[in-house]
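Engineer: If it helps, the file is called model_33.txt and holds compact mmCIF, N, CA and C atoms:
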```txt
# COMPACT_ATOMS: atom_id res chain seq x y z
N MET E 46 10.01 17.74 9.61
CA MET E 46 9.43 17.78 8.28
C MET E 46 7.91 17.97 8.43
N THR E 47 7.36 18.89 7.66
CA THR E 47 5.93 19.14 7.73
C THR E 47 5.16 17.99 7.09
N LYS E 48 3.88 17.89 7.42
CA LYS E 48 3.05 16.83 6.84
C LYS E 48 2.99 16.96 5.32
N LYS E 49 2.94 18.19 4.85
CA LYS E 49 2.87 18.43 3.41
C LYS E 49 4.13 17.90 2.72
N ARG E 50 5.28 18.14 3.34
CA ARG E 50 6.55 17.64 2.77
C ARG E 50 6.63 16.12 2.86
N ARG E 51 6.08 15.55 3.94
CA ARG E 51 6.07 14.08 4.07
C ARG E 51 5.25 13.46 2.94
N VAL E 52 4.10 14.06 2.67
CA VAL E 52 3.24 13.55 1.60
C VAL E 52 3.97 13.65 0.25
N ALA E 53 4.63 14.77 0.02
CA ALA E 53 5.39 14.94 -1.23
C ALA E 53 6.51 13.90 -1.32
N SER E 54 7.18 13.63 -0.20
CA SER E 54 8.24 12.62 -0.18
C SER E 54 7.69 11.24 -0.47
N LEU E 55 6.52 10.95 0.10
CA LEU E 55 5.90 9.65 -0.17
C LEU E 55 5.58 9.49 -1.65
N ARG E 56 5.00 10.52 -2.23
CA ARG E 56 4.66 10.43 -3.66
C ARG E 56 5.91 10.22 -4.51
N SER E 57 7.02 10.84 -4.12
CA SER E 57 8.28 10.65 -4.82
C SER E 57 8.75 9.19 -4.71
N LEU E 58 8.59 8.61 -3.53
CA LEU E 58 8.96 7.20 -3.35
C LEU E 58 8.04 6.28 -4.15
N TYR E 59 6.76 6.59 -4.16
CA TYR E 59 5.81 5.79 -4.94
C TYR E 59 6.22 5.76 -6.41
N ASP E 60 6.72 6.87 -6.90
CA ASP E 60 7.13 6.95 -8.31
C ASP E 60 8.32 6.04 -8.62
N GLN E 61 9.05 5.60 -7.59
CA GLN E 61 10.21 4.73 -7.79
C GLN E 61 9.83 3.26 -7.92
N VAL E 62 8.57 2.95 -7.61
CA VAL E 62 8.09 1.56 -7.69
C VAL E 62 7.49 1.36 -9.08
N PRO E 63 7.97 0.35 -9.81
CA PRO E 63 7.43 0.10 -11.14
C PRO E 63 5.92 -0.15 -11.10
N LYS E 64 5.23 0.40 -12.05
CA LYS E 64 3.78 0.27 -12.11
C LYS E 64 3.39 -0.93 -12.98
N PHE E 65 2.27 -1.52 -12.63
CA PHE E 65 1.71 -2.62 -13.42
C PHE E 65 0.23 -2.71 -13.11
N THR E 66 -0.48 -3.48 -13.90
CA THR E 66 -1.93 -3.62 -13.73
C THR E 66 -2.23 -4.92 -13.01
N CYS E 67 -3.04 -4.81 -11.97
CA CYS E 67 -3.49 -6.00 -11.24
C CYS E 67 -4.64 -6.65 -11.98
N LYS E 68 -4.89 -7.89 -11.65
CA LYS E 68 -6.05 -8.62 -12.17
C LYS E 68 -7.31 -7.96 -11.62
N ASP E 69 -8.30 -7.73 -12.45
CA ASP E 69 -9.55 -7.08 -12.01
C ASP E 69 -10.15 -7.78 -10.80
N GLY E 70 -10.50 -6.99 -9.78
CA GLY E 70 -11.16 -7.50 -8.60
C GLY E 70 -10.29 -8.31 -7.66
N CYS E 71 -9.02 -8.43 -7.95
CA CYS E 71 -8.13 -9.26 -7.13
C CYS E 71 -7.88 -8.62 -5.76
N THR E 72 -7.86 -9.44 -4.73
CA THR E 72 -7.50 -9.00 -3.38
C THR E 72 -6.50 -9.96 -2.75
N ALA E 73 -5.75 -10.67 -3.58
CA ALA E 73 -4.82 -11.70 -3.10
C ALA E 73 -3.77 -11.14 -2.14
N CYS E 74 -3.37 -9.91 -2.33
CA CYS E 74 -2.32 -9.34 -1.48
C CYS E 74 -2.89 -8.43 -0.39
N CYS E 75 -4.20 -8.33 -0.29
CA CYS E 75 -4.84 -7.38 0.62
C CYS E 75 -5.01 -7.97 2.02
N GLY E 76 -4.09 -7.64 2.88
CA GLY E 76 -4.15 -8.11 4.27
C GLY E 76 -3.97 -6.95 5.21
N ALA E 77 -3.49 -7.25 6.38
CA ALA E 77 -3.23 -6.21 7.38
C ALA E 77 -1.93 -5.50 7.00
N VAL E 78 -2.05 -4.33 6.43
CA VAL E 78 -0.90 -3.56 5.96
C VAL E 78 -0.78 -2.29 6.78
N PRO E 79 0.41 -1.99 7.28
CA PRO E 79 0.57 -0.74 8.05
C PRO E 79 0.55 0.49 7.14
N PHE E 80 -0.06 1.54 7.65
CA PHE E 80 -0.06 2.84 6.99
C PHE E 80 0.83 3.77 7.81
N SER E 81 1.63 4.58 7.16
CA SER E 81 2.38 5.59 7.89
C SER E 81 1.41 6.73 8.24
N ARG E 82 1.85 7.62 9.12
CA ARG E 82 1.01 8.77 9.47
C ARG E 82 0.69 9.61 8.24
N ALA E 83 1.69 9.79 7.37
CA ALA E 83 1.48 10.59 6.16
C ALA E 83 0.50 9.90 5.21
N GLU E 84 0.59 8.58 5.11
CA GLU E 84 -0.35 7.85 4.25
C GLU E 84 -1.76 7.92 4.83
N LYS E 85 -1.86 7.86 6.15
CA LYS E 85 -3.17 8.02 6.78
C LYS E 85 -3.73 9.40 6.47
N LYS E 86 -2.87 10.42 6.49
CA LYS E 86 -3.32 11.79 6.19
C LYS E 86 -3.91 11.87 4.78
N LEU E 87 -3.28 11.21 3.83
CA LEU E 87 -3.82 11.19 2.46
C LEU E 87 -5.24 10.61 2.45
N LEU E 88 -5.45 9.56 3.22
CA LEU E 88 -6.77 8.93 3.28
C LEU E 88 -7.78 9.77 4.05
N VAL E 89 -7.33 10.40 5.13
CA VAL E 89 -8.22 11.29 5.89
C VAL E 89 -8.67 12.43 4.99
N ASP E 90 -7.71 13.05 4.29
CA ASP E 90 -8.03 14.19 3.41
C ASP E 90 -8.98 13.79 2.28
N SER E 91 -8.93 12.51 1.87
CA SER E 91 -9.80 12.04 0.78
C SER E 91 -11.17 11.58 1.30
N GLY E 92 -11.31 11.50 2.63
CA GLY E 92 -12.56 11.03 3.21
C GLY E 92 -12.64 9.52 3.34
N GLN E 93 -11.59 8.80 2.95
CA GLN E 93 -11.62 7.34 2.95
C GLN E 93 -11.32 6.72 4.31
N TRP E 94 -10.67 7.45 5.21
CA TRP E 94 -10.24 6.85 6.48
C TRP E 94 -11.44 6.44 7.35
N GLU E 95 -12.45 7.30 7.45
CA GLU E 95 -13.62 6.97 8.26
C GLU E 95 -14.37 5.77 7.69
N VAL E 96 -14.42 5.67 6.37
CA VAL E 96 -15.04 4.52 5.72
C VAL E 96 -14.31 3.25 6.15
N ALA E 97 -12.99 3.31 6.17
CA ALA E 97 -12.19 2.14 6.54
C ALA E 97 -12.37 1.77 8.00
N ARG E 98 -12.47 2.76 8.86
CA ARG E 98 -12.65 2.49 10.29
C ARG E 98 -13.94 1.70 10.50
N HIS E 99 -15.00 2.10 9.81
CA HIS E 99 -16.27 1.39 9.94
C HIS E 99 -16.15 -0.02 9.37
N LYS E 100 -15.56 -0.13 8.19
CA LYS E 100 -15.45 -1.44 7.54
C LYS E 100 -14.54 -2.38 8.31
N ALA E 101 -13.51 -1.84 8.98
CA ALA E 101 -12.57 -2.68 9.71
C ALA E 101 -13.28 -3.44 10.84
N LEU E 102 -14.34 -2.87 11.35
CA LEU E 102 -15.08 -3.53 12.42
C LEU E 102 -15.97 -4.66 11.91
N THR E 103 -16.29 -4.61 10.62
CA THR E 103 -17.22 -5.59 10.06
C THR E 103 -16.62 -6.46 8.97
N THR E 104 -15.35 -6.23 8.64
CA THR E 104 -14.71 -6.96 7.54
C THR E 104 -14.46 -8.42 7.91
N ASP E 105 -14.77 -9.27 6.98
CA ASP E 105 -14.52 -10.70 7.18
C ASP E 105 -13.03 -11.00 7.15
N ARG E 106 -12.71 -12.16 7.64
CA ARG E 106 -11.34 -12.63 7.57
C ARG E 106 -11.24 -13.64 6.43
N ARG E 107 -10.02 -13.85 5.99
CA ARG E 107 -9.78 -14.85 4.96
C ARG E 107 -10.02 -16.24 5.56
N PRO E 108 -10.17 -17.27 4.72
CA PRO E 108 -10.32 -18.63 5.25
C PRO E 108 -9.16 -19.04 6.17
N THR E 109 -7.98 -18.45 5.95
CA THR E 109 -6.82 -18.77 6.78
C THR E 109 -6.90 -18.11 8.16
N GLY E 110 -7.85 -17.18 8.34
CA GLY E 110 -7.98 -16.47 9.60
C GLY E 110 -7.27 -15.13 9.62
N SER E 111 -6.47 -14.86 8.58
CA SER E 111 -5.77 -13.57 8.53
C SER E 111 -6.75 -12.47 8.13
N PRO E 112 -6.52 -11.26 8.64
CA PRO E 112 -7.46 -10.16 8.33
C PRO E 112 -7.39 -9.74 6.87
N LEU E 113 -8.51 -9.29 6.38
CA LEU E 113 -8.61 -8.75 5.03
C LEU E 113 -8.61 -7.23 5.15
N CYS E 114 -7.89 -6.55 4.31
CA CYS E 114 -7.83 -5.09 4.34
C CYS E 114 -9.24 -4.51 4.21
N PRO E 115 -9.59 -3.51 5.03
CA PRO E 115 -10.93 -2.93 4.93
C PRO E 115 -11.19 -2.18 3.61
N PHE E 116 -10.14 -1.94 2.84
CA PHE E 116 -10.30 -1.28 1.55
C PHE E 116 -10.43 -2.28 0.41
N ALA E 117 -10.37 -3.57 0.71
CA ALA E 117 -10.48 -4.61 -0.31
C ALA E 117 -11.94 -4.91 -0.60
N SER E 118 -12.26 -5.01 -1.88
CA SER E 118 -13.62 -5.30 -2.30
C SER E 118 -13.57 -6.43 -3.32
N SER E 119 -14.38 -7.45 -3.10
CA SER E 119 -14.38 -8.58 -4.04
C SER E 119 -14.88 -8.16 -5.42
N GLU E 120 -15.67 -7.08 -5.47
CA GLU E 120 -16.17 -6.59 -6.76
C GLU E 120 -15.17 -5.64 -7.44
N LYS E 121 -14.56 -4.77 -6.65
CA LYS E 121 -13.71 -3.71 -7.23
C LYS E 121 -12.22 -3.89 -6.99
N GLY E 122 -11.83 -4.84 -6.18
CA GLY E 122 -10.42 -4.95 -5.80
C GLY E 122 -10.11 -3.88 -4.76
N CYS E 123 -9.04 -3.15 -4.95
CA CYS E 123 -8.63 -2.12 -3.99
C CYS E 123 -9.43 -0.83 -4.22
N GLU E 124 -10.15 -0.42 -3.18
CA GLU E 124 -10.98 0.78 -3.30
C GLU E 124 -10.17 2.07 -3.17
N ILE E 125 -8.91 1.96 -2.77
CA ILE E 125 -8.06 3.15 -2.64
C ILE E 125 -6.80 2.99 -3.49
N TYR E 126 -6.92 2.32 -4.60
CA TYR E 126 -5.75 1.95 -5.41
C TYR E 126 -4.80 3.12 -5.62
N GLU E 127 -5.29 4.28 -5.96
CA GLU E 127 -4.41 5.43 -6.21
C GLU E 127 -3.77 5.97 -4.93
N LEU E 128 -4.36 5.67 -3.77
CA LEU E 128 -3.85 6.15 -2.49
C LEU E 128 -3.26 5.02 -1.64
N ARG E 129 -3.13 3.82 -2.19
CA ARG E 129 -2.65 2.68 -1.40
C ARG E 129 -1.24 2.95 -0.86
N PRO E 130 -0.92 2.35 0.30
CA PRO E 130 0.38 2.59 0.92
C PRO E 130 1.53 1.91 0.17
N LEU E 131 2.73 2.28 0.55
CA LEU E 131 3.93 1.76 -0.12
C LEU E 131 3.98 0.24 -0.12
N LEU E 132 3.68 -0.39 1.00
CA LEU E 132 3.79 -1.85 1.06
C LEU E 132 2.88 -2.52 0.05
N CYS E 133 1.72 -1.97 -0.20
CA CYS E 133 0.83 -2.52 -1.23
C CYS E 133 1.43 -2.32 -2.62
N ARG E 134 2.09 -1.20 -2.81
CA ARG E 134 2.70 -0.91 -4.11
C ARG E 134 3.88 -1.84 -4.40
N LEU E 135 4.58 -2.25 -3.35
CA LEU E 135 5.73 -3.13 -3.53
C LEU E 135 5.32 -4.56 -3.88
N PHE E 136 4.14 -4.98 -3.39
CA PHE E 136 3.69 -6.34 -3.66
C PHE E 136 3.53 -6.55 -5.16
N GLY E 137 4.20 -7.56 -5.68
CA GLY E 137 4.14 -7.85 -7.11
C GLY E 137 5.16 -7.10 -7.94
N ALA E 138 5.81 -6.09 -7.33
CA ALA E 138 6.77 -5.27 -8.06
C ALA E 138 8.22 -5.57 -7.70
N VAL E 139 8.41 -6.47 -6.73
CA VAL E 139 9.76 -6.80 -6.24
C VAL E 139 10.06 -8.26 -6.57
N SER E 140 11.30 -8.52 -6.96
CA SER E 140 11.68 -9.88 -7.38
C SER E 140 11.75 -10.87 -6.22
N ASP E 141 11.64 -10.43 -4.99
CA ASP E 141 11.67 -11.32 -3.83
C ASP E 141 10.44 -12.24 -3.85
N PRO E 142 10.64 -13.55 -3.67
CA PRO E 142 9.50 -14.50 -3.74
C PRO E 142 8.37 -14.18 -2.76
N ILE E 143 8.67 -13.61 -1.61
CA ILE E 143 7.62 -13.32 -0.63
C ILE E 143 6.66 -12.23 -1.12
N LEU E 144 7.10 -11.42 -2.07
CA LEU E 144 6.27 -10.33 -2.61
C LEU E 144 5.73 -10.65 -4.00
N LYS E 145 5.84 -11.90 -4.41
CA LYS E 145 5.39 -12.30 -5.75
C LYS E 145 3.87 -12.37 -5.82
N CYS E 146 3.32 -11.87 -6.88
CA CYS E 146 1.88 -11.94 -7.10
C CYS E 146 1.50 -13.39 -7.45
N PRO E 147 0.49 -13.94 -6.79
CA PRO E 147 0.09 -15.33 -7.09
C PRO E 147 -0.52 -15.50 -8.48
N HIS E 148 -0.86 -14.38 -9.15
CA HIS E 148 -1.42 -14.44 -10.50
C HIS E 148 -0.39 -14.05 -11.55
N ASN E 149 0.86 -13.94 -11.13
CA ASN E 149 1.98 -13.56 -12.00
C ASN E 149 1.83 -12.19 -12.64
N CYS E 150 1.10 -11.30 -11.97
CA CYS E 150 1.05 -9.91 -12.42
C CYS E 150 2.31 -9.22 -11.93
N GLY E 151 2.76 -8.27 -12.64
CA GLY E 151 3.94 -7.52 -12.23
C GLY E 151 4.48 -6.71 -13.39
N PRO E 152 5.39 -5.80 -13.10
CA PRO E 152 5.97 -4.97 -14.15
C PRO E 152 6.95 -5.76 -15.01
N ALA E 153 7.24 -5.23 -16.17
CA ALA E 153 8.21 -5.87 -17.06
C ALA E 153 9.58 -5.94 -16.39
N THR E 154 9.94 -4.90 -15.64
CA THR E 154 11.21 -4.87 -14.91
C THR E 154 10.90 -4.75 -13.43
N MET E 155 11.25 -5.80 -12.69
CA MET E 155 10.98 -5.84 -11.25
C MET E 155 12.08 -5.11 -10.49
N LEU E 156 11.72 -4.62 -9.31
CA LEU E 156 12.72 -4.07 -8.39
C LEU E 156 13.46 -5.24 -7.76
N ASP E 157 14.77 -5.10 -7.56
CA ASP E 157 15.48 -6.13 -6.81
C ASP E 157 15.26 -5.86 -5.32
N SER E 158 15.52 -6.85 -4.50
CA SER E 158 15.24 -6.76 -3.06
C SER E 158 16.00 -5.63 -2.40
N GLU E 159 17.25 -5.40 -2.79
CA GLU E 159 18.05 -4.35 -2.17
C GLU E 159 17.47 -2.96 -2.47
N THR E 160 17.05 -2.73 -3.70
CA THR E 160 16.43 -1.44 -4.06
C THR E 160 15.13 -1.26 -3.28
N ALA E 161 14.35 -2.32 -3.16
CA ALA E 161 13.10 -2.24 -2.40
C ALA E 161 13.39 -1.90 -0.94
N ARG E 162 14.44 -2.49 -0.36
CA ARG E 162 14.80 -2.18 1.03
C ARG E 162 15.19 -0.71 1.18
N LYS E 163 15.92 -0.19 0.22
CA LYS E 163 16.32 1.23 0.27
C LYS E 163 15.09 2.14 0.20
N ILE E 164 14.16 1.81 -0.67
CA ILE E 164 12.93 2.59 -0.77
C ILE E 164 12.16 2.51 0.54
N PHE E 165 12.10 1.31 1.13
CA PHE E 165 11.39 1.13 2.39
C PHE E 165 12.03 1.96 3.51
N LYS E 166 13.36 1.98 3.58
CA LYS E 166 14.05 2.78 4.60
C LYS E 166 13.76 4.27 4.41
N LYS E 167 13.73 4.72 3.16
CA LYS E 167 13.38 6.12 2.88
C LYS E 167 11.92 6.40 3.27
N TRP E 168 11.06 5.40 3.07
CA TRP E 168 9.66 5.51 3.47
C TRP E 168 9.55 5.73 4.97
N LEU E 169 10.34 4.97 5.74
CA LEU E 169 10.32 5.13 7.20
C LEU E 169 10.72 6.54 7.59
N LEU E 170 11.75 7.07 6.96
CA LEU E 170 12.20 8.44 7.25
C LEU E 170 11.17 9.47 6.82
N ALA E 171 10.64 9.33 5.63
CA ALA E 171 9.66 10.29 5.10
C ALA E 171 8.36 10.26 5.89
N SER E 172 8.04 9.09 6.44
CA SER E 172 6.80 8.92 7.17
C SER E 172 6.84 9.48 8.57
N GLY E 173 8.04 9.72 9.06
CA GLY E 173 8.17 10.18 10.43
C GLY E 173 7.95 9.06 11.42
N GLU E 174 8.14 7.84 10.96
CA GLU E 174 7.92 6.66 11.84
C GLU E 174 9.19 6.34 12.59
```
In structure tokens, write the structure found in this file.
Structural biologist:
Amino acid sequence: MTKKRRVASLRSLYDQVPKFTCKDGCTACCGAVPFSRAEKKLLVDSGQWEVARHKALTTDRRPTGSPLCPFASSEKGCEIYELRPLLCRLFGAVSDPILKCPHNCGPATMLDSETARKIFKKWLLASGE
């Protein structure tokens, strides 16, 4: 599968995740999240990847010691919201307690865990991972 087709497949999967609005400036779910090669390509093409590489070297950690995503901003929230990877999109949109938003943000109709798993498996295939 070409990179262009992978990106198109990713966008199709993103459309399957219910959309909702996050709390302004929130970074509660912003941690160390894997990006697929195709998702990285979206960021490289947008010019955001190099910004993240620099920020990753200087980004603070949470009080718990876990890493904070280099795209997270306490002022703006997610700086790549429109280009965020699938795992970020699933957070708050799936009925599984581990993906629940701590601020109770989420879509009117949540994805069930099985549907989320199916989307994730398709993501793995589309990503070439």
Engineer: So, counting only C-alpha atoms, which residue among E:Leu169, E:Ile164, E:Ala138, E:Val62 is closest to Ala83 of chain E?
Structural biologist: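 Counting only C-alpha atoms, the residue closest to Ala83 of chain E is E:Leu169.
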Engineer: Would you kindly return, as a VMD selection string, each protein, DNA or RNA residue with an atom no farther than 8 Å from any atom of Leu55 of chain E, considering all atoms listed in the file and excluding same-chain residues fewer than 2 positions away?
Structural biologist: chain E and resid 49 to 53 57 to 61 83 to 84 167 to 168 171 to 172
Engineer: From a DSSP calculation on the backbone, collect every residue of chain E in strand (DSSP E or B) and output the set as a list in words.
Structural biologist: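 Taking chain E and keeping strand (DSSP E or B) gives Arg106, Pro112, Ala117, Ser118, Gly122, Cys123, Val139 and Leu156 of chain E.
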Engineer: Find, counting only C-alpha atoms, the residue in E:Pro130, E:Gly70, E:Pro63, E:Gly122 that gets nearest to Leu88 of chain E.
Structural biologist: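 Distance minimum relative to Leu88 of chain E lands on E:Pro130.
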Engineer: Please indicate the distance in Å from atom CA of Phe65 of chain E to atom CA of Pro152 of chain E, rounded to one decimal place.
Structural biologist: 4.9 Å
Engineer: Select from segment 117-162 of chain E everything DSSP, run on the backbone, classes as alpha helix (DSSP H), then give the selection as a list in words.
Structural biologist: Leu131, Leu132, Cys133, Arg134, Leu135, Ser158, Glu159, Thr160, Ala161 and Arg162 of chain E
Engineer: I want to know what sits within 8 Å of Cys133 of chain E, based on only N, CA and C atoms, with residues of the same chain fewer than 2 positions away left out; could you give that as JSON, numbers by chain?
Structural biologist: {"E": [74, 75, 78, 79, 129, 130, 131, 135, 136, 137, 138]}
Engineer: Tell me which protein, DNA and RNA residues are within 9 Å of Ser118 of chain E, counting only C-alpha atoms, leaving out same-chain ones fewer than 4 positions away, and put them as a list of chain:residue names.
Structural biologist: E:Gly70, E:Cys71, E:Thr72, E:Cys114, E:Gly122, E:Cys123, E:Glu124
Engineer: Could you tell me which of E:Thr47, E:Ser54, E:Ser119, E:Ser140 comes closest to Leu170 of chain E if we count only C-alpha atoms?
Structural biologist: E:Ser54
Engineer: Give me, please, the distance in Å between atom C of Thr66 of chain E and atom N of Ala117 of chain E, quoted to one decimal.
Structural biologist: 16.0 Å
Engineer: Give the answer as one residue: which of E:Val139, E:Glu120, E:Leu113, E:Ala73 has the shortest atom-to-atom distance to Thr154 of chain E, using only N, CA and C atoms?
Structural biologist: E:Val139
